[in-house]
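With mmCIF, C-alpha atoms and all ligand atoms inside, this is upload-v4.cif:
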data_protein
#
loop_
_atom_site.label_atom_id
_atom_site.label_comp_id
_atom_site.auth_asym_id
_atom_site.auth_seq_id
_atom_site.Cartn_x
_atom_site.Cartn_y
_atom_site.Cartn_z
CA MET A 1 -83.33 0.14 27.37
CA LYS A 2 -84.80 -1.36 24.23
CA PRO A 3 -82.18 -3.25 22.21
CA ILE A 4 -81.44 -2.15 18.64
CA LEU A 5 -79.83 -5.53 17.93
CA ALA A 6 -80.54 -8.85 19.59
CA ALA A 7 -79.46 -12.42 18.93
CA GLU A 8 -81.90 -14.84 20.55
CA ASN A 9 -81.25 -18.48 21.43
CA VAL A 10 -78.60 -18.85 18.78
CA ASN A 11 -76.98 -22.13 17.78
CA ALA A 12 -74.24 -21.41 15.27
CA GLY A 13 -71.10 -22.89 13.77
CA TYR A 14 -69.53 -24.11 10.55
CA GLY A 15 -70.51 -26.99 8.28
CA ASP A 16 -72.21 -29.55 10.52
CA VAL A 17 -70.46 -28.43 13.69
CA ILE A 18 -72.33 -26.44 16.31
CA ILE A 19 -69.95 -24.12 18.19
CA ILE A 20 -72.44 -21.72 19.83
CA HIS A 21 -75.14 -23.25 22.02
CA ASP A 22 -78.34 -21.38 22.84
CA VAL A 23 -76.77 -17.94 23.30
CA SER A 24 -78.75 -14.69 23.57
CA VAL A 25 -77.10 -11.26 23.56
CA GLU A 26 -78.40 -7.75 22.96
CA VAL A 27 -77.20 -4.16 22.68
CA ALA A 28 -79.05 -0.83 22.81
CA SER A 29 -78.20 2.51 21.19
CA GLY A 30 -75.76 4.55 23.23
CA GLU A 31 -74.45 1.49 25.02
CA ILE A 32 -71.42 -0.79 24.74
CA ALA A 33 -72.01 -4.50 25.29
CA ALA A 34 -69.02 -6.81 25.60
CA ILE A 35 -68.71 -10.49 24.80
CA VAL A 36 -65.70 -11.80 26.70
CA GLY A 37 -64.19 -15.22 27.21
CA PRO A 38 -61.09 -17.28 26.58
CA ASN A 39 -59.53 -17.93 23.21
CA GLY A 40 -61.58 -20.44 21.22
CA SER A 41 -64.77 -19.94 23.24
CA GLY A 42 -66.73 -18.89 20.15
CA LYS A 43 -66.77 -15.10 20.41
CA SER A 44 -65.92 -14.48 16.76
CA THR A 45 -68.30 -17.23 15.62
CA LEU A 46 -71.15 -15.61 17.55
CA ILE A 47 -70.79 -12.20 15.91
CA LYS A 48 -70.16 -13.81 12.52
CA SER A 49 -73.45 -15.67 12.88
CA ILE A 50 -75.29 -12.37 13.37
CA LEU A 51 -73.96 -11.22 9.99
CA GLY A 52 -74.30 -14.47 8.09
CA PHE A 53 -70.55 -15.21 8.01
CA ALA A 54 -71.07 -18.28 10.20
CA LYS A 55 -73.91 -20.75 9.91
CA LEU A 56 -76.97 -20.05 12.04
CA PHE A 57 -78.56 -23.40 12.93
CA ARG A 58 -81.22 -22.08 15.26
CA GLY A 59 -82.39 -18.83 16.84
CA SER A 60 -83.23 -15.37 15.54
CA ILE A 61 -81.54 -12.06 14.88
CA LEU A 62 -83.65 -8.98 15.54
CA TYR A 63 -82.62 -5.51 14.36
CA GLN A 64 -84.74 -2.42 14.99
CA ASN A 65 -87.63 -4.71 15.94
CA LYS A 66 -87.41 -6.58 12.63
CA ASP A 67 -86.50 -10.20 12.20
CA ILE A 68 -83.41 -10.25 9.96
CA THR A 69 -82.48 -13.88 10.59
CA GLY A 70 -80.52 -15.28 7.63
CA ILE A 71 -79.97 -11.88 5.97
CA ALA A 72 -77.13 -11.62 3.43
CA SER A 73 -74.03 -10.00 4.91
CA HIS A 74 -73.95 -7.03 2.49
CA ARG A 75 -77.62 -6.31 3.22
CA ALA A 76 -76.92 -6.24 6.95
CA VAL A 77 -74.24 -3.59 6.32
CA ASN A 78 -76.66 -1.59 4.17
CA LEU A 79 -79.24 -1.68 6.97
CA GLY A 80 -76.74 -0.11 9.36
CA ILE A 81 -74.90 -3.01 10.98
CA GLY A 82 -71.18 -2.25 10.75
CA TYR A 83 -68.56 -4.96 11.25
CA VAL A 84 -64.85 -4.75 11.98
CA PRO A 85 -63.32 -8.25 11.72
CA GLN A 86 -60.53 -9.44 13.97
CA THR A 87 -57.93 -9.58 11.16
CA ASP A 88 -57.49 -8.24 7.64
CA ASN A 89 -59.75 -5.29 8.39
CA VAL A 90 -57.98 -2.72 6.21
CA PHE A 91 -56.59 -2.80 2.67
CA PRO A 92 -52.83 -2.63 3.36
CA ASN A 93 -51.82 -1.30 -0.05
CA LEU A 94 -54.41 1.47 -0.15
CA THR A 95 -53.98 4.85 1.54
CA ILE A 96 -56.02 5.98 4.53
CA ILE A 97 -58.30 8.03 2.27
CA GLU A 98 -58.73 5.18 -0.20
CA ASN A 99 -59.63 2.82 2.64
CA LEU A 100 -62.27 5.26 3.88
CA ASP A 101 -63.72 5.57 0.36
CA MET A 102 -63.98 1.77 0.22
CA GLY A 103 -65.95 1.88 3.45
CA ALA A 104 -68.56 4.09 1.82
CA TYR A 105 -69.05 1.82 -1.21
CA ASN A 106 -72.61 1.06 -0.23
CA LYS A 107 -73.65 4.70 0.10
CA LYS A 108 -74.40 6.03 -3.37
CA GLY A 109 -73.29 9.47 -4.53
CA LYS A 110 -70.04 11.38 -4.24
CA ASP A 111 -71.56 14.12 -2.04
CA SER A 112 -72.59 11.73 0.66
CA ILE A 113 -69.12 10.18 0.55
CA LYS A 114 -67.52 13.63 0.92
CA THR A 115 -69.69 14.72 3.84
CA GLY A 116 -69.23 11.39 5.55
CA LYS A 117 -65.48 11.51 5.12
CA GLY A 118 -65.23 15.03 6.55
CA ASP A 119 -67.06 13.96 9.70
CA ILE A 120 -64.97 10.84 10.09
CA LEU A 121 -61.67 12.69 9.58
CA GLN A 122 -62.78 15.15 12.24
CA MET A 123 -63.47 12.31 14.62
CA PHE A 124 -60.08 10.74 13.81
CA PRO A 125 -57.60 13.63 13.48
CA GLU A 126 -54.78 11.08 13.81
CA LEU A 127 -55.88 9.64 10.45
CA ALA A 128 -56.48 13.04 8.86
CA ALA A 129 -52.87 13.94 9.63
CA ARG A 130 -51.62 10.95 7.63
CA LYS A 131 -54.36 10.63 5.05
CA ASN A 132 -52.10 9.73 2.12
CA ALA A 133 -50.09 7.13 4.05
CA LEU A 134 -50.49 3.52 2.99
CA ALA A 135 -52.34 1.43 5.57
CA GLU A 136 -49.45 -1.05 5.63
CA ASN A 137 -47.20 1.69 7.02
CA LEU A 138 -49.45 2.47 9.99
CA SER A 139 -48.87 1.36 13.57
CA GLY A 140 -51.15 -1.28 15.08
CA GLY A 141 -53.23 1.36 16.84
CA GLU A 142 -53.56 3.54 13.73
CA ARG A 143 -54.55 0.52 11.68
CA GLN A 144 -57.28 -0.43 14.16
CA MET A 145 -58.45 3.18 14.16
CA LEU A 146 -58.63 3.08 10.36
CA ALA A 147 -60.64 -0.15 10.45
CA ILE A 148 -63.15 1.45 12.82
CA ALA A 149 -63.24 4.69 10.80
CA ARG A 150 -63.82 2.69 7.63
CA ALA A 151 -66.80 0.91 9.20
CA MET A 152 -68.14 4.31 10.36
CA MET A 153 -68.17 5.53 6.72
CA ALA A 154 -71.24 3.38 6.08
CA LYS A 155 -73.06 5.34 8.83
CA PRO A 156 -73.89 2.33 10.99
CA LYS A 157 -76.44 2.33 13.81
CA VAL A 158 -74.69 -0.58 15.46
CA LEU A 159 -71.01 -1.57 15.26
CA LEU A 160 -69.75 -5.11 15.82
CA LEU A 161 -66.05 -5.06 16.69
CA ASP A 162 -63.97 -8.23 16.96
CA GLU A 163 -61.06 -7.72 19.39
CA PRO A 164 -60.23 -4.09 18.53
CA LEU A 165 -57.90 -3.84 21.55
CA ALA A 166 -56.06 -7.16 21.23
CA SER A 167 -52.33 -6.85 20.53
CA LEU A 168 -52.30 -3.11 21.31
CA SER A 169 -50.04 -1.75 24.03
CA PRO A 170 -51.69 0.38 26.75
CA LYS A 171 -51.32 3.78 25.09
CA PRO A 172 -52.87 3.03 21.67
CA SER A 173 -55.44 0.85 23.43
CA ALA A 174 -56.52 3.83 25.56
CA VAL A 175 -56.88 5.94 22.39
CA ILE A 176 -59.14 3.33 20.75
CA GLU A 177 -61.17 2.96 23.97
CA SER A 178 -61.85 6.70 24.03
CA LYS A 179 -62.88 6.63 20.34
CA LEU A 180 -65.34 3.86 21.15
CA GLU A 181 -66.77 5.92 24.00
CA GLN A 182 -67.12 8.85 21.61
CA ILE A 183 -68.95 6.65 19.09
CA ARG A 184 -71.21 5.27 21.83
CA ASP A 185 -71.98 8.79 23.04
CA ALA A 186 -72.99 9.71 19.48
CA GLY A 187 -75.83 7.20 19.96
CA ILE A 188 -74.38 4.23 18.13
CA ALA A 189 -74.71 0.79 19.72
CA ILE A 190 -71.42 -1.09 20.08
CA LEU A 191 -71.05 -4.84 20.50
CA ILE A 192 -67.44 -5.63 21.22
CA VAL A 193 -65.70 -9.00 21.45
CA GLU A 194 -62.65 -9.01 23.68
CA GLN A 195 -60.29 -11.50 25.26
CA ASN A 196 -59.19 -9.05 27.94
CA VAL A 197 -62.07 -9.50 30.38
CA LYS A 198 -61.24 -6.67 32.76
CA LYS A 199 -60.59 -4.06 30.08
CA ALA A 200 -63.75 -4.95 28.15
CA LEU A 201 -65.96 -4.81 31.22
CA GLU A 202 -64.48 -1.51 32.34
CA LEU A 203 -65.37 -0.11 28.91
CA SER A 204 -68.85 -1.64 28.58
CA ASN A 205 -72.26 -1.27 30.18
CA ARG A 206 -73.22 -4.92 29.84
CA GLY A 207 -71.12 -8.06 29.68
CA TYR A 208 -71.55 -11.61 28.46
CA VAL A 209 -69.06 -14.33 29.37
CA LEU A 210 -68.78 -17.04 26.76
CA VAL A 211 -67.15 -20.36 27.71
CA ASN A 212 -67.10 -23.34 25.34
CA GLY A 213 -69.74 -21.71 23.15
CA ALA A 214 -72.27 -21.14 25.94
CA LEU A 215 -73.01 -18.20 28.23
CA ALA A 216 -71.42 -18.77 31.62
CA MET A 217 -72.44 -15.42 33.13
CA GLU A 218 -74.01 -12.15 32.05
CA GLY A 219 -75.05 -8.89 33.62
CA GLU A 220 -74.19 -5.25 34.08
CA SER A 221 -70.45 -4.92 33.61
CA ALA A 222 -69.96 -3.08 36.90
CA SER A 223 -71.87 -5.75 38.80
CA LEU A 224 -69.87 -8.53 37.17
CA LEU A 225 -66.59 -6.80 38.05
CA ALA A 226 -67.73 -6.53 41.68
CA ASP A 227 -69.00 -10.13 41.91
CA ASP A 228 -66.75 -12.46 43.89
CA SER A 229 -67.60 -15.63 41.99
CA PHE A 230 -67.09 -13.77 38.69
CA LYS A 231 -63.72 -12.48 39.85
CA GLU A 232 -62.65 -15.92 40.98
CA ARG A 233 -63.78 -17.65 37.81
CA PHE A 234 -62.88 -15.17 35.09
CA LEU A 235 -60.49 -12.43 36.11
CA GLY A 236 -57.52 -14.78 36.18
CA LEU A 237 -58.33 -16.27 32.78
CA GLU A 238 -57.13 -13.76 30.26
CA GLN A 239 -54.07 -14.62 28.27
CA GLY A 240 -51.31 -12.21 27.36
CA HIS A 241 -51.56 -8.45 26.97
N1 LIG B 301 -64.11 -21.15 9.76
C1 LIG B 301 -64.15 -22.10 10.72
N2 LIG B 301 -64.46 -23.38 10.39
C2 LIG B 301 -64.52 -24.33 11.34
N3 LIG B 301 -64.30 -24.12 12.66
C3 LIG B 301 -63.98 -22.88 13.04
C4 LIG B 301 -63.89 -21.80 12.10
N4 LIG B 301 -63.56 -20.66 12.76
C5 LIG B 301 -63.46 -21.03 14.06
N5 LIG B 301 -63.71 -22.34 14.23
C6 LIG B 301 -63.71 -23.07 15.50
O1 LIG B 301 -64.73 -22.52 16.32
C7 LIG B 301 -64.30 -22.48 17.68
C8 LIG B 301 -64.50 -21.08 18.23
O2 LIG B 301 -63.65 -20.20 17.50
P1 LIG B 301 -63.81 -18.63 17.56
O3 LIG B 301 -65.22 -18.26 17.34
O4 LIG B 301 -62.81 -18.06 16.61
O5 LIG B 301 -63.41 -18.33 19.08
P2 LIG B 301 -62.89 -16.97 19.74
O6 LIG B 301 -63.21 -15.86 18.81
O7 LIG B 301 -63.62 -16.90 21.04
O8 LIG B 301 -61.42 -17.13 19.94
C9 LIG B 301 -62.86 -22.97 17.72
O9 LIG B 301 -62.88 -24.31 18.12
C10 LIG B 301 -62.42 -22.86 16.27
O10 LIG B 301 -61.48 -23.85 15.97
MG MG B 302 -62.02 -14.47 17.90
#

Show the structure stored in the file as structure tokens.
Amino acid sequence: MKPILAAENVNAGYGDVIIIHDVSVEVASGEIAAIVGPNGSGKSTLIKSILGFAKLFRGSILYQNKDITGIASHRAVNLGIGYVPQTDNVFPNLTIIENLDMGAYNKKGKDSIKTGKGDILQMFPELAARKNALAENLSGGERQMLAIARAMMAKPKVLLLDEPLASLSPKPSAVIESKLEQIRDAGIAILIVEQNVKKALELSNRGYVLVNGALAMEGESASLLADDSFKERFLGLEQGH
């Protein structure tokens, strides 16, 4: 499948420090790609570099066959690249509805906001049921759902999600996983970063294992999960949860 978003031969980091070394990843519409690896391996830095939140020293970012290397973060969102950061991804003292309206800030016109919101609330009935609740009063799972719903308000073609399942217990995690499958099946490309190697590969079509800022292994998720050397090297690694 042709990728909608690709990062090619990326070196990235902060200040003068290179954290990511020559990494290439890609994701196609209707597919979930997972970047997995231990804490501190550079997963967040890699997706931040796609969006201009981390420094890109070398390499290119291609989106819909266009070179968007070095694009400003807000322009990337306007082009259809949605991003849900690992932390602080909702406004705690705004209600669910207010958070969703903030997610649509880059789409002009009240009508488009209204239509968008109706669709999103239909996709997330759990949020619709509590639409006037403050985000700070939501459970971890509901909060993560709101963060994803908020990113969906900008009508993205690709969603970058940084550890959406971390710190969730099995039940809310399963709910989020099924929402992601629903979003994927709607034709949106999903690039997910996850510390839980097994869970992420069970959810995704393609997997990339990042260790110390470099790709250690990559391939179809099912093949990785069935590979003996992969199992030996990476399935014991995950911490917690
Ligand atoms: N804003 C930052 N400035 C400098 N170094 C950072 C910054 N954010 C992360 N790092 C460093 O980059 C490395 C990779 O971090 P990160 O991308 O957050 O890994 P992961 O998401 O895989 O846990 C770590 O050594 C971390 O200390
Ligand atoms: Mg991270």

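With only C-alpha atoms taken into account, the protein and nucleic acid residues at most 12 Å from Arg233 of chain A (excluding it and anything under 4 positions from it in its own chain) are Gly37, Pro38, Val197, Val209, Val211, Ala216, Met217, Leu224, Leu225, Asp227, Asp228, Ser229, Leu237 and Glu238 of chain A.
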
Skip Gly213 of chain A itself and residues of its chain fewer than 3 positions away, then list as a PyMOL selection string all residues within 10 Å of it, counting only C-alpha atoms. chain A and resi 11-13+18-23+37+40-43+45-46+209-210+216

Given all atoms listed in the file, how would the per-residue table for segment 134-223 of chain A near segment 85-92 of chain A read, listing every residue at most 12 Å away with its closest atom pair and distance in Å to one decimal, sorted by chain and number, as CSV?
residue,atom,partner,partner_atom,distance
A:Leu134,CA,A:Pro92,CA,6.6
A:Ala135,CA,A:Pro92,CA,4.6
A:Glu136,CA,A:Pro92,CA,4.4
A:Asn137,CA,A:Pro92,CA,8.0
A:Leu138,CA,A:Pro92,CA,9.0
A:Ser139,CA,A:Pro92,CA,11.7
A:Gly140,CA,A:Val90,CA,11.3
A:Glu142,CA,A:Val90,CA,10.7
A:Arg143,CA,A:Val90,CA,7.2
A:Gln144,CA,A:Asn89,CA,7.9
A:Met145,CA,A:Val90,CA,9.9
A:Leu146,CA,A:Val90,CA,7.2
A:Ala147,CA,A:Asn89,CA,5.6
A:Ile148,CA,A:Asn89,CA,8.8
A:Ala149,CA,A:Val90,CA,10.2
A:Arg150,CA,A:Val90,CA,8.1
A:Ala151,CA,A:Asn89,CA,9.4
A:Leu159,CA,A:Pro85,CA,10.8
A:Leu160,CA,A:Pro85,CA,8.2
A:Leu161,CA,A:Pro85,CA,6.5
A:Asp162,CA,A:Gln86,CA,4.7
A:Glu163,CA,A:Gln86,CA,5.7
A:Pro164,CA,A:Gln86,CA,7.0
A:Leu165,CA,A:Gln86,CA,9.8
A:Ala166,CA,A:Gln86,CA,8.8
A:Ser167,CA,A:Gln86,CA,10.8
A:Ile192,CA,A:Pro85,CA,10.7
A:Val193,CA,A:Gln86,CA,9.1
A:Glu194,CA,A:Gln86,CA,9.9
A:Gln195,CA,A:Gln86,CA,11.5

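Among the candidates A:Asp185, A:Lys48, A:Gly15, A:Tyr63, the one nearest to Lys2 of chain A when counting only C-alpha atoms is A:Tyr63.
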
Which residues, written as a ChimeraX atom specification, have at least one atom at most 8 Å from Gly52 of chain A, with all atoms listed in the file counted and residues fewer than 5 positions away on the same chain left out? /A:70-73

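Interatomic distance, atom CA of Gly187 of chain A to atom CA of Lys157 of chain A: 7.9 Å.
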
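Using all atoms listed in the file, the shortest contact distance between ligand LIG 301 (chain B) and any of A:Ser29, A:Ser204, A:Asn65, A:Asn196 is found at A:Asn196.
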
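For Pro3 of chain A, the set of protein, DNA and RNA residues having any atom at most 8 Å away, when counting all atoms listed in the file and skipping those fewer than 2 positions along the same chain, is Met1, Leu5, Ala6, Glu26, Val27, Ala28, Ser29 and Gln64 of chain A.
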
With all atoms listed in the file counted, which protein, DNA or RNA residues have an atom no more than 10 Å from (-83.5, -24.5, 14.7) in the file frame? Please answer as a PyMOL selection string. chain A and resi 9-12+56-60

Selection export as a tab-separated table (two decimals), in the frame of the given file, atoms kept: C-alpha atoms:
chain	number	residue	atom	x	y	z
A	9	ASN	CA	-81.25	-18.48	21.43
A	10	VAL	CA	-78.60	-18.85	18.78
A	11	ASN	CA	-76.98	-22.13	17.78
A	12	ALA	CA	-74.24	-21.41	15.27
A	56	LEU	CA	-76.97	-20.05	12.04
A	57	PHE	CA	-78.56	-23.40	12.93
A	58	ARG	CA	-81.22	-22.08	15.26
A	59	GLY	CA	-82.39	-18.83	16.84
A	60	SER	CA	-83.23	-15.37	15.54

What are the centre and edge lengths in Å, to one decimal, of the axis-aligned box around all listed atoms of ligand LIG 301 (chain B) with 4 Å added on each side, as lines of an AutoDock Vina configuration file?
center_x = -63.3
center_y = -20.1
center_z = 15.4
size_x = 11.8
size_y = 16.5
size_z = 19.3

Wanna dump the segment 162-198 of chain A-segment 115-127 of chain A contacts at 12 Å for me, each residue with its shortest atom pair and the distance in Å to one decimal, counting all atoms listed in the file, ordered by chain and number, as JSON lines?
{"residue": "A:Pro172", "atom": "CA", "partner": "A:Glu126", "partner_atom": "CA", "distance": 11.4}
{"residue": "A:Val175", "atom": "CA", "partner": "A:Glu126", "partner_atom": "CA", "distance": 10.2}
{"residue": "A:Ile176", "atom": "CA", "partner": "A:Phe124", "partner_atom": "CA", "distance": 10.2}
{"residue": "A:Ser178", "atom": "CA", "partner": "A:Met123", "partner_atom": "CA", "distance": 11.1}
{"residue": "A:Lys179", "atom": "CA", "partner": "A:Met123", "partner_atom": "CA", "distance": 8.1}
{"residue": "A:Leu180", "atom": "CA", "partner": "A:Met123", "partner_atom": "CA", "distance": 10.8}
{"residue": "A:Glu181", "atom": "CA", "partner": "A:Met123", "partner_atom": "CA", "distance": 11.8}
{"residue": "A:Gln182", "atom": "CA", "partner": "A:Met123", "partner_atom": "CA", "distance": 8.6}
{"residue": "A:Ile183", "atom": "CA", "partner": "A:Met123", "partner_atom": "CA", "distance": 9.1}
{"residue": "A:Ala186", "atom": "CA", "partner": "A:Met123", "partner_atom": "CA", "distance": 11.0}

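Proximity to ligand MG 302 (chain B) was assessed for A:Val84, A:Leu79, A:Ser44, A:Phe234 counting only C-alpha atoms and all ligand atoms; the smallest distance is recorded for A:Ser44.
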